[in-house]
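work.tsv (TSV, C-alpha atoms) appears below.
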```tsv
chain	number	residue	atom	x	y	z
J	1	MET	CA	62.90	98.21	91.39
J	2	LYS	CA	59.47	96.64	91.75
J	3	LEU	CA	59.41	93.02	90.61
J	4	LYS	CA	56.66	91.72	88.36
J	5	ALA	CA	55.59	88.31	87.17
J	6	LYS	CA	57.50	87.02	84.16
J	7	TRP	CA	57.30	83.84	82.06
J	8	VAL	CA	60.71	82.60	80.90
J	9	LYS	CA	61.24	79.64	78.57
J	10	ILE	CA	64.49	77.74	78.21
J	11	THR	CA	64.62	78.93	74.58
J	12	ASP	CA	64.66	82.54	75.84
J	13	VAL	CA	68.14	82.23	77.39
J	14	GLU	CA	71.54	81.12	76.13
J	15	PRO	CA	73.16	78.13	77.86
J	16	ILE	CA	76.39	78.69	79.77
J	17	LEU	CA	79.16	76.42	81.02
J	18	PRO	CA	79.28	77.13	84.77
J	19	ILE	CA	82.53	77.47	86.72
J	20	ALA	CA	83.99	74.09	87.73
J	21	HIS	CA	81.75	72.13	85.33
J	22	ILE	CA	82.76	69.85	82.46
J	23	ASN	CA	80.51	68.89	79.52
J	24	THR	CA	77.57	70.80	81.03
J	25	ASP	CA	74.96	73.24	79.74
J	26	THR	CA	73.05	75.44	82.18
J	27	TRP	CA	70.16	77.77	81.42
J	28	GLY	CA	69.52	80.50	84.03
J	29	LEU	CA	65.74	80.93	83.84
J	30	ILE	CA	65.04	82.98	86.96
J	31	THR	CA	67.98	85.32	87.60
J	32	LYS	CA	68.83	88.95	88.17
J	33	ASP	CA	69.24	89.35	84.41
J	34	THR	CA	65.96	87.70	83.40
J	35	CYS	CA	63.63	88.80	86.20
J	36	GLY	CA	65.51	91.25	88.42
J	37	VAL	CA	65.61	88.89	91.42
J	38	GLU	CA	68.72	88.86	93.59
J	39	ASN	CA	68.03	86.38	96.38
J	40	ILE	CA	67.09	83.34	94.31
J	41	ARG	CA	68.22	81.70	91.09
J	42	LEU	CA	66.54	78.85	89.20
J	43	SER	CA	68.43	77.06	86.47
J	44	ILE	CA	68.09	73.94	84.34
J	45	SER	CA	71.36	72.05	84.17
J	46	GLU	CA	72.32	69.19	81.86
J	47	ILE	CA	75.48	67.26	82.62
J	48	LYS	CA	76.27	64.91	79.76
J	49	PRO	CA	77.83	61.47	80.23
J	50	GLY	CA	81.52	61.91	81.00
J	51	GLY	CA	80.81	65.39	82.38
J	52	CYS	CA	80.75	66.55	85.96
J	53	ALA	CA	80.45	69.43	88.35
J	54	GLU	CA	83.79	69.50	90.12
J	55	SER	CA	84.05	70.17	93.84
J	56	PHE	CA	82.53	73.59	94.56
J	57	VAL	CA	81.10	75.71	97.37
J	58	HIS	CA	78.29	78.26	97.03
J	59	GLU	CA	79.18	80.92	99.61
J	60	GLY	CA	76.03	82.22	101.24
J	61	PHE	CA	73.60	80.21	99.09
J	62	GLN	CA	71.61	77.10	99.90
J	63	GLN	CA	71.04	74.76	96.96
J	64	LEU	CA	68.09	72.58	96.03
J	65	THR	CA	68.67	70.05	93.26
J	66	PHE	CA	65.62	68.33	91.73
J	67	ILE	CA	66.43	65.53	89.28
J	68	LEU	CA	64.35	65.48	86.08
J	69	SER	CA	66.12	62.65	84.23
J	70	GLY	CA	69.27	60.59	84.32
J	71	ARG	CA	71.17	59.33	87.32
J	72	GLY	CA	74.10	60.67	89.22
J	73	LYS	CA	76.20	60.74	92.33
J	74	ILE	CA	76.31	63.98	94.29
J	75	SER	CA	78.97	64.05	96.99
J	76	VAL	CA	78.30	66.54	99.79
J	77	ASN	CA	81.15	66.88	102.29
J	78	ASN	CA	82.28	63.36	101.28
J	79	GLU	CA	78.80	61.84	101.79
J	80	ASP	CA	77.52	60.25	98.57
J	81	PHE	CA	73.91	60.62	97.43
J	82	PHE	CA	72.84	58.50	94.47
J	83	VAL	CA	70.20	60.62	92.74
J	84	GLU	CA	67.48	59.74	90.26
J	85	PRO	CA	64.36	61.34	88.77
J	86	ASP	CA	61.63	62.76	91.02
J	87	GLY	CA	63.91	63.31	94.01
J	88	CYS	CA	65.38	66.45	95.52
J	89	LEU	CA	68.64	67.06	97.41
J	90	PHE	CA	69.17	69.96	99.82
J	91	ILE	CA	72.73	71.31	100.13
J	92	PRO	CA	73.37	73.84	102.94
J	93	ASP	CA	75.30	77.03	102.30
J	94	THR	CA	79.11	76.96	102.27
J	95	THR	CA	79.08	73.17	101.79
J	96	GLU	CA	81.49	71.46	99.41
J	97	HIS	CA	79.74	69.34	96.77
J	98	LYS	CA	80.39	67.70	93.40
J	99	THR	CA	78.26	65.85	90.85
J	100	GLU	CA	79.04	62.93	88.54
J	101	VAL	CA	76.83	61.31	85.91
J	102	ILE	CA	76.13	57.59	86.31
J	103	GLY	CA	75.41	55.71	83.09
J	104	LYS	CA	74.90	56.90	79.53
J	105	GLU	CA	71.97	59.27	80.04
J	106	THR	CA	72.35	63.02	80.52
J	107	LEU	CA	71.66	64.14	84.09
J	108	ARG	CA	69.00	66.85	83.77
J	109	GLN	CA	68.21	68.81	86.91
J	110	ILE	CA	66.57	71.91	88.27
J	111	ILE	CA	68.97	73.89	90.45
J	112	ILE	CA	67.58	76.48	92.85
J	113	LEU	CA	70.00	78.70	94.75
J	114	VAL	CA	68.57	80.72	97.64
J	115	LYS	CA	70.60	83.48	99.27
J	116	VAL	CA	70.89	83.02	103.01
J	117	PRO	CA	70.64	86.13	105.20
J	118	GLU	CA	73.88	86.66	107.13
J	119	GLU	CA	72.26	85.89	110.50
J	120	GLN	CA	70.90	82.54	109.22
J	121	LYS	CA	74.02	81.05	107.64
J	122	THR	CA	74.31	77.42	108.75
J	123	ASN	CA	77.90	76.42	108.09
J	124	GLN	CA	80.18	79.22	109.19
J	125	LYS	CA	83.82	78.47	108.44
```
Using the file provided, produce a representation of the structure as structure tokens.
Amino acid sequence: MKLKAKWVKITDVEPILPIAHINTDTWGLITKDTCGVENIRLSISEIKPGGCAESFVHEGFQQLTFILSGRGKISVNNEDFFVEPDGCLFIPDTTEHKTEVIGKETLRQIIILVKVPEEQKTNQK
């Protein structure tokens, strides 16, 4: 299938509660379903105060997390990163990570998952 340019608004997709998340809404804007792409996924995620993304591993995907608003702690292989707006965190493939909200503001973030070709995987088990 030949891909073509497509404009997708957050109001065009239904929010989901991702696996291993609590009190979270995620909108998959650029996905196989919305645009036909298979090697990349862009989502907007909102983790509300008291919510979290429990410990999880994306097998074969690298993750970029850009913080739009709110503050949080993202633990990557037991290393804590205190995140805030206008910063980005890179998480290598097959790396355990979890996210907690700090404070009373919703943590709003852009999540980009990029599929890693087999020969380029960085953290083989």
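Residue nearest Asp86 of chain J within the list J:Cys35, J:Trp27, J:Lys98, J:Thr65: J:Thr65 [criterion: smallest interatomic distance, only C-alpha atoms].
Here atom CA of Leu17 of chain J and atom CA of Glu84 of chain J stand 22.4 Å from one another.
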Checklist outcome for this item: Using only C-alpha atoms, the best pick from J:Asp80, J:Ile19, J:Thr26, J:Thr31 as closest to Lys6 of chain J would be J:Thr31
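Atom pair atom CA of Gln62 of chain J / atom CA of Ser45 of chain J: separated by 16.5 Å.
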Next on the checklist: For a quick check of understanding, using all atoms listed in the file, which of J:Gly103, J:Gly51, J:Pro85, J:Gly36 has the smallest distance to His21 of chain J?
Outcome noted: J:Gly51
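Our summary of the geometry notes that atom CA of Ile91 of chain J is positioned 7.3 Å from atom CA of Val76 of chain J.
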Next on the checklist: Give me, as a list in words, all polymer residues having an atom no more than 8 Å from Gln63 of chain J, counting only C-alpha atoms and skipping those fewer than 4 positions away in the same chain.
Outcome noted: Phe90, Ile91, Pro92, Asp93, Ile111, Ile112, Leu113 and Val114 of chain J
Next, the residues of the selection above should be written as a compact mmCIF listing (two decimals), in the coordinates of the input with C-alpha atoms.
```txt
# COMPACT_ATOMS: atom_id res chain seq x y z
CA PHE J 90 69.17 69.96 99.82
CA ILE J 91 72.73 71.31 100.13
CA PRO J 92 73.37 73.84 102.94
CA ASP J 93 75.30 77.03 102.30
CA ILE J 111 68.97 73.89 90.45
CA ILE J 112 67.58 76.48 92.85
CA LEU J 113 70.00 78.70 94.75
CA VAL J 114 68.57 80.72 97.64
```
Checklist entry - For Glu100 of chain J, which of J:Cys88, J:Val116, J:Ile67, J:Cys52 is the closest residue, counting all atoms listed in the file? => result J:Cys52
